[in-house]
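Trainee: Mind looking over this structure? Questions follow.
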Amino acid sequence: MSVYLLRRLIQAALVMLAMSVIVFIGVYAIGDPVEILISPDADQAERARAIAALGLDKPLWEQYFSFLGNALRGDLGRSFVFNEPALQLIAQRAPATLELAFGATFLAVLVGLPLGLYAGLRPNGVGAKTIMAGSILGFSLPTFWVGLMLIMVFAVQLGWLPSTGRGETVEVLGMRWSFLTWNGLTHMAMPALNLALFKISLVIRLTRAGVRETMLMDYVKFARAKGLAPKRIIGVHVFKNILIPVVTVVGLELGSTIAFSVVTESVFAWPGMGKLIIDSINVLDRPVIVAYLMSIVFMFIVINLIVDLLYSVLDPRVRLESK
Amino acid sequence: MSATTAPPVPTETKAPRVETPLRRFISEFAESKMAVGALIVFLAIVLIAIFAPLISPQNPYDLAQLDIMDGRLEPGSKSGDGSITYWLGTDDQGRDMLSGIMYGLRISLVVGAGSAIVAALVGASLGMLAAYAGGRTDTVIMRLVDLQLSFPTILSALMILAFLGKGVMNVVIALIVVEWAYYARTVRGTALVERRREYIEAAQCLALPTRRIIFRHLLPNCMPPLIVVATIQIARAIALEATLSFLGLGVPITEPSLGLLIANGYEYMLSGKYWISFYPGIALLITIVSINLVGDHLRDVLNPRLKK
Amino acid sequence: MQPTIPASAAPPTLQVRNLQTKFFTRAGVVPAVNDVSFTVSRGKVLGLVGESGSGKTVTGFSIMRLVDDPGRITGGEILFNGQDLVKSSEDEMRQLRGNRIAMIFQDPMMTLNPVLRIDTQMIETMQAHTNISREAARQRARDTLGMVGIPSPDERLMAYPHQFSGGMRQRVAIAIALLHEPELIVADEPTTALDVTIQGQILAEVQKLAANTGTSIIWITHDLSVVAGLADDIAVMYAGEIAEYGAVADVLDHPLHPYTNGLLGSVPSRNKRGEPLRQIPGTTPSLLRLPPGCPFQTRCPRAADVCRQPPPMAEILPAHEARCFRPHLENAGVAA
């Protein structure tokens, strides 16, 4: 187990390193680093000083190593707009994005699993066909437009939910969270649902396919031959088997959910990392862009690692092999 | 097996008919009314986009034709000079939404289909190369594919736009970078299977040039899955372009695509002027859903594993 | 049509009468089981023999009422202690399955749920039928595992299926079938997927259990040599019908149906050394396109015009039935 973990950690470090090269090349080699890293308002003397200070007159590989060294110390530059360390900005916005992404994932499983189960058990029924048509819609609907429509219906027409912002927050563990207050939850409901829409469709399809496949397995027929009640066969024998692919995919999709929250955050003015990166791209605040890209890749790697470990907890076959 | 006892075979009473693969494909595709309907809708959308300058009530990109006094009119109202009825209302510039949508479709389709075609060419070539060359080439290409596919599309696109800056061309480049890996993976997978088939061995035994084997023998057999992927990817490209435009990273504000039209209506929606965002969204939705339905059914028809 | 096997004084455990099971597929209606009748008495073993596609497995699933769509039992009776299972409700069936009637499947690698521990899979079987405490159920599970020859059952209860070999898994499946001391076990080729040595062990085990507990067994197999040593009676199936039915010695020593005759001729051990192996010409017909009359006629060396009529199941010799117009009476030493 520990060998396996060590191997995965080394792999993760290598991917991080590769990403740092890509981001470095992207920002320093493709773009103009002077334009990228120095505030456009700076005058000539400032520019020259900054170029020297940033080491932009040095060879590219040397620049890369100083970039890498700074990154390892958690220094990814200062935002021109906020005049704060870029990484600190990201860290401040991360809780908002994370709670949105987790809320969406939770919703996706909560809604998608039962619907997929139903569609898989009665694949030819009207209900199942409606669910599957709905899931095609869920894949096809542009997220941002659905977000707008949600606002139009629930905030503008019905006035049930607030349209934008995060609402009241509570500070726990030094970070502010919305989901712990009722007001915060009402603010979160629409963005989370919006972000979850695609994942709900995904979970429905995965679950349905899993159920249909599992129901054909000999062990399900054997469970019936043992005289088990249908409730137990579906609830234990089928459910535990489909849970493995669903948890894996939902877990792996968490990274993509965090990335796609860019769109939802823009629609609902949710003050998370996603909104920050769009604003930063629009005003060319590139240290923040670099910090965002590096930290999101880091999150990705951590999530994948956790999902892998979780997978081995759920599936006894994997658990044994990795020992 | 004595012939005297041969029973009548009721299931094969149909007269034998020459069945080309294309004809079989068409008849199988036509089995789903939904898919045929979706195809008709999609073709109609394409025609509207192509002939937009001829059929649209006004040229929404010609600022001289726009009258700011006609701004934010409700659907069905007439223009100030009474010359045009704005069936779907107007936006804040006084732009007829119907015309805006027709022109916006042009941009969405060109960007979506254009990037999908280039990505297909790049991806298919690399996939074919990986399958045919094998060894280290294969490893390098497939590692790149894995890396690309492990990132969510929006993140890759954001990364590229962050490096290159905003603009239509950069959006197209971003879409190509996001999409090529899907084609590469598909083509490599099919090509690897096809390569081991007898007909390729036969062609190799005949000492046909590699180029000929790849283009005349291997590629045609990789087409079905490629077509399926391309269909789905066009829909995804259109959606992604709209999303990027909505985020303000795509097309310029003077020539709005569907995504930007929707974004423009965002602030007015809170005051109940829904149509500026609503109708372009419907157009986008119909386009994407019709492509997806066609793609879904194409996959069922072209995938031999799913045949019963 | 009454079964003619002499039974003991007790009523038979299972009587199948004119069973019909059909599959309604897109390509047409497949008569997988057609007019099948047999009787299994208390403590007896019936060997249900046939090649793949002959309908023997579907017969087994029909008895369990586990035929899935598009299949359906379309006629006949399955009398289990006098209760007609064809007419029983799904709930009544559920209470019988795994309790009074148990089934063992062909592939032991597939029958146990890979993500559940052995103890879970055994205890749930007991708790589905009786109000037994977990502890008592565990005790019973442990005893049963020991009974089927699994070493250190306590430890094995906590294991997952993939930690067992194929033979051990099949023993677990057999143990699950035995948990409630059923009156009838339907064993669908339970040793086919196993090594020959393990096959022998399991056969011996099952034979012992049947003798000790009075459990009746339907042993489905394509292997005549397995039933030769195990079964009391044999029913040979061909194309969904029973071709020949009788006591094991009668059927194997003087087969009446040309199909049985051909099958026996193709078993290596029954041939004399040096003689060429005989085989049945042709292949099994598709059940969708059966010839009218006897389904075996296209492959039968004795086929005649009369065979284009469907042959009835007839008691050609005492307690020895065959569905044939031109049986091998010479095998039994009877003049034609």
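Convention: chains lettered A, B, ... in structure tokens order; per-chain residue numbering from 1; ligands numbered from 1 as shown.
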Using DSSP on the backbone coordinates, identify the residues of segment 51-240 of chain B assigned to strand (DSSP E or B); present them as a list in words.
Mentor: Ser77, Lys78, Thr85, Tyr86, Thr90 and Asp96 of chain B
Trainee: Distance cut-off 10 Å, counting only C-alpha atoms - which residues of chain B neighbour chain A? Return them as a PyMOL selection string.
Mentor: chain B and resi 147+150-156+158-166+235-236+238-240+242-244+246-249+259+262-263+265-266+269-274+277-278+280-282+284-293+296
Trainee: Hey, can you check how far atom CA of Gly262 of chain C sits from atom CA of Val16 of chain C?
Mentor: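 Separation of atom CA of Gly262 of chain C and atom CA of Val16 of chain C: 26.3 Å.
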Trainee: Taking only C-alpha atoms into account and nothing else, which residues of chain C lie no more than 8 Å away from chain A? Please answer as a ChimeraX atom specification.
Mentor: /C:64,66,93-99,102-105,110-116,124-125,128-129,160,162,176-177
Trainee: Can you list, as a list in words, every protein, DNA or RNA residue that comes within 10 Å of Pro70 of chain C when you count only C-alpha atoms, leaving out same-chain residues fewer than 4 positions away?
Mentor: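 That gives Lys22, Phe23, Phe24, Thr25, Arg26, Val29 and Val30 of chain C.
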Trainee: Residues within 7 Å of Arg93 of chain A, please, as a ChimeraX atom specification. Count only C-alpha atoms; anything in the same chain fewer than 2 positions from it doesn't count.
Mentor: /A:89-91,95-97,271-273
Trainee: Please, could you write that set of residues out with C-alpha atoms as a PDB file, in the first residue's frame?
Mentor:
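What landed in result.pdb:
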```
ATOM      1  CA  LEU A  89      -6.043  35.818  -3.773  1.00  0.00           C
ATOM      2  CA  ILE A  90      -6.742  32.337  -5.067  1.00  0.00           C
ATOM      3  CA  ALA A  91      -6.768  30.926  -1.547  1.00  0.00           C
ATOM      4  CA  PRO A  95     -13.704  28.076  -0.389  1.00  0.00           C
ATOM      5  CA  ALA A  96     -16.532  29.653  -2.390  1.00  0.00           C
ATOM      6  CA  THR A  97     -15.669  27.594  -5.451  1.00  0.00           C
ATOM      7  CA  PRO A 271     -17.215  35.334  -5.782  1.00  0.00           C
ATOM      8  CA  GLY A 272     -15.022  32.260  -6.337  1.00  0.00           C
ATOM      9  CA  MET A 273     -11.850  31.408  -8.199  1.00  0.00           C
TER      10      MET A 273
END
```
Trainee: Do you know which residues are at most 10 Å from segment 220-227 of chain C counting only C-alpha atoms, after dropping those on the same chain fewer than 3 positions away, and could you put them as number ranges by chain?
Mentor: C: 45-52, 54, 56-57, 59-60, 105-106, 186-192, 199-200, 203, 217, 230-237, 248, 252, 260, 263-264, 267, 269-270
Trainee: Go ahead and dump the residues you just picked, C-alpha atoms, as a PDB file, in the first residue's frame.
Mentor:
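The new file result.pdb reads:
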```
ATOM      1  CA  VAL C  45     -30.775 -37.768  -8.759  1.00  0.00           C
ATOM      2  CA  LEU C  46     -32.054 -37.029 -12.247  1.00  0.00           C
ATOM      3  CA  GLY C  47     -29.432 -36.400 -14.905  1.00  0.00           C
ATOM      4  CA  LEU C  48     -30.672 -33.921 -17.505  1.00  0.00           C
ATOM      5  CA  VAL C  49     -28.350 -34.442 -20.441  1.00  0.00           C
ATOM      6  CA  GLY C  50     -28.032 -32.558 -23.701  1.00  0.00           C
ATOM      7  CA  GLU C  51     -25.708 -30.465 -25.824  1.00  0.00           C
ATOM      8  CA  SER C  52     -25.680 -26.699 -25.487  1.00  0.00           C
ATOM      9  CA  SER C  54     -30.906 -28.274 -26.130  1.00  0.00           C
ATOM     10  CA  LYS C  56     -31.672 -28.164 -20.406  1.00  0.00           C
ATOM     11  CA  THR C  57     -30.604 -24.953 -18.690  1.00  0.00           C
ATOM     12  CA  THR C  59     -35.680 -26.232 -18.079  1.00  0.00           C
ATOM     13  CA  GLY C  60     -33.734 -25.666 -14.857  1.00  0.00           C
ATOM     14  CA  PHE C 105     -24.963 -22.301 -11.391  1.00  0.00           C
ATOM     15  CA  GLN C 106     -22.488 -23.298 -14.022  1.00  0.00           C
ATOM     16  CA  VAL C 186     -31.177 -27.818  -9.493  1.00  0.00           C
ATOM     17  CA  ALA C 187     -27.497 -28.090 -10.383  1.00  0.00           C
ATOM     18  CA  ASP C 188     -26.724 -26.526 -13.754  1.00  0.00           C
ATOM     19  CA  GLU C 189     -23.427 -28.022 -14.946  1.00  0.00           C
ATOM     20  CA  PRO C 190     -21.796 -27.156 -11.634  1.00  0.00           C
ATOM     21  CA  THR C 191     -18.569 -28.990 -12.420  1.00  0.00           C
ATOM     22  CA  THR C 192     -18.105 -28.100 -16.083  1.00  0.00           C
ATOM     23  CA  GLN C 199     -14.993 -32.205 -10.396  1.00  0.00           C
ATOM     24  CA  GLY C 200     -14.636 -35.703  -8.924  1.00  0.00           C
ATOM     25  CA  LEU C 203     -19.460 -35.101  -7.368  1.00  0.00           C
ATOM     26  CA  ILE C 217     -31.201 -33.358  -7.333  1.00  0.00           C
ATOM     27  CA  LEU C 230     -24.176 -40.060 -10.190  1.00  0.00           C
ATOM     28  CA  ALA C 231     -27.749 -40.213 -11.431  1.00  0.00           C
ATOM     29  CA  ASP C 232     -30.578 -42.635 -10.807  1.00  0.00           C
ATOM     30  CA  ASP C 233     -32.530 -41.569 -13.877  1.00  0.00           C
ATOM     31  CA  ILE C 234     -31.585 -39.860 -17.094  1.00  0.00           C
ATOM     32  CA  ALA C 235     -33.514 -37.547 -19.374  1.00  0.00           C
ATOM     33  CA  VAL C 236     -31.776 -36.826 -22.681  1.00  0.00           C
ATOM     34  CA  MET C 237     -32.782 -33.523 -24.261  1.00  0.00           C
ATOM     35  CA  VAL C 248     -29.672 -44.712 -15.848  1.00  0.00           C
ATOM     36  CA  LEU C 252     -26.923 -46.038 -21.062  1.00  0.00           C
ATOM     37  CA  THR C 260     -28.750 -41.150 -27.391  1.00  0.00           C
ATOM     38  CA  LEU C 263     -24.078 -39.640 -28.107  1.00  0.00           C
ATOM     39  CA  LEU C 264     -22.953 -42.837 -26.426  1.00  0.00           C
ATOM     40  CA  VAL C 267     -17.936 -41.020 -25.783  1.00  0.00           C
ATOM     41  CA  SER C 269     -14.326 -44.456 -23.007  1.00  0.00           C
ATOM     42  CA  ARG C 270     -17.207 -46.481 -24.341  1.00  0.00           C
TER      43      ARG C 270
END
```
Trainee: Just the residues within 9 Å of segment 145-156 of chain C, please, counting only C-alpha atoms, with nothing from its chain fewer than 5 positions along; format it as a list in words.
Mentor: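 That gives Ile118, Asp119, Arg140, Gln163, Phe164, Met168, Arg171, Val172, Ile174, Ala175, Ile176, Ile202, Glu205 and Val206 of chain C.
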Trainee: Tell me, counting only C-alpha atoms, for each residue of chain C within 9 Å of chain B, which pair of atoms is nearest and how far apart they are in Å to one decimal, in rows ordered by chain and increasing number, as JSON lines.
Mentor:
```
{"residue": "C:Ala27", "atom": "CA", "partner": "B:Thr11", "partner_atom": "CA", "distance": 8.0}
{"residue": "C:Gly28", "atom": "CA", "partner": "B:Thr11", "partner_atom": "CA", "distance": 8.5}
{"residue": "C:Gly282", "atom": "CA", "partner": "B:Met1", "partner_atom": "CA", "distance": 7.3}
{"residue": "C:Arg289", "atom": "CA", "partner": "B:Val9", "partner_atom": "CA", "distance": 7.2}
{"residue": "C:Leu290", "atom": "CA", "partner": "B:Pro7", "partner_atom": "CA", "distance": 7.7}
{"residue": "C:Pro291", "atom": "CA", "partner": "B:Pro7", "partner_atom": "CA", "distance": 5.6}
{"residue": "C:Pro292", "atom": "CA", "partner": "B:Pro7", "partner_atom": "CA", "distance": 7.1}
{"residue": "C:Gln297", "atom": "CA", "partner": "B:Thr5", "partner_atom": "CA", "distance": 8.5}
{"residue": "C:Thr298", "atom": "CA", "partner": "B:Met1", "partner_atom": "CA", "distance": 5.3}
{"residue": "C:Arg299", "atom": "CA", "partner": "B:Met1", "partner_atom": "CA", "distance": 6.8}
{"residue": "C:Arg308", "atom": "CA", "partner": "B:Thr5", "partner_atom": "CA", "distance": 7.8}
```
Trainee: Can you list, as a VMD selection string, every residue of segment 72-307 of chain C that DSSP puts in alpha helix (DSSP H)?
Mentor: chain C and resid 90 to 96 108 to 111 118 to 127 134 to 147 153 to 157 166 to 178 196 to 213 224 to 230 248 to 253 258 to 265
Trainee: Measuring between only C-alpha atoms, which one of A:Pro114, A:Gly274, A:Gly77, A:Gly210 shows the shortest distance to Leu100 of chain A?
Mentor: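 For Leu100 of chain A, the nearest of the candidates is A:Gly274.
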Trainee: Grab the atom CA of Glu90 of chain C to atom CA of Val67 of chain C distance for me, in Å with one decimal place.
Mentor: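 Separation between atom CA of Glu90 of chain C and atom CA of Val67 of chain C: 12.2 Å.
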Trainee: Need to verify the contact set: segment 213-215 of chain B, 8 Å, only C-alpha atoms, exclusion of same-chain residues closer than 5 positions in sequence. Can you return it as a count of residues only?
Mentor: 5
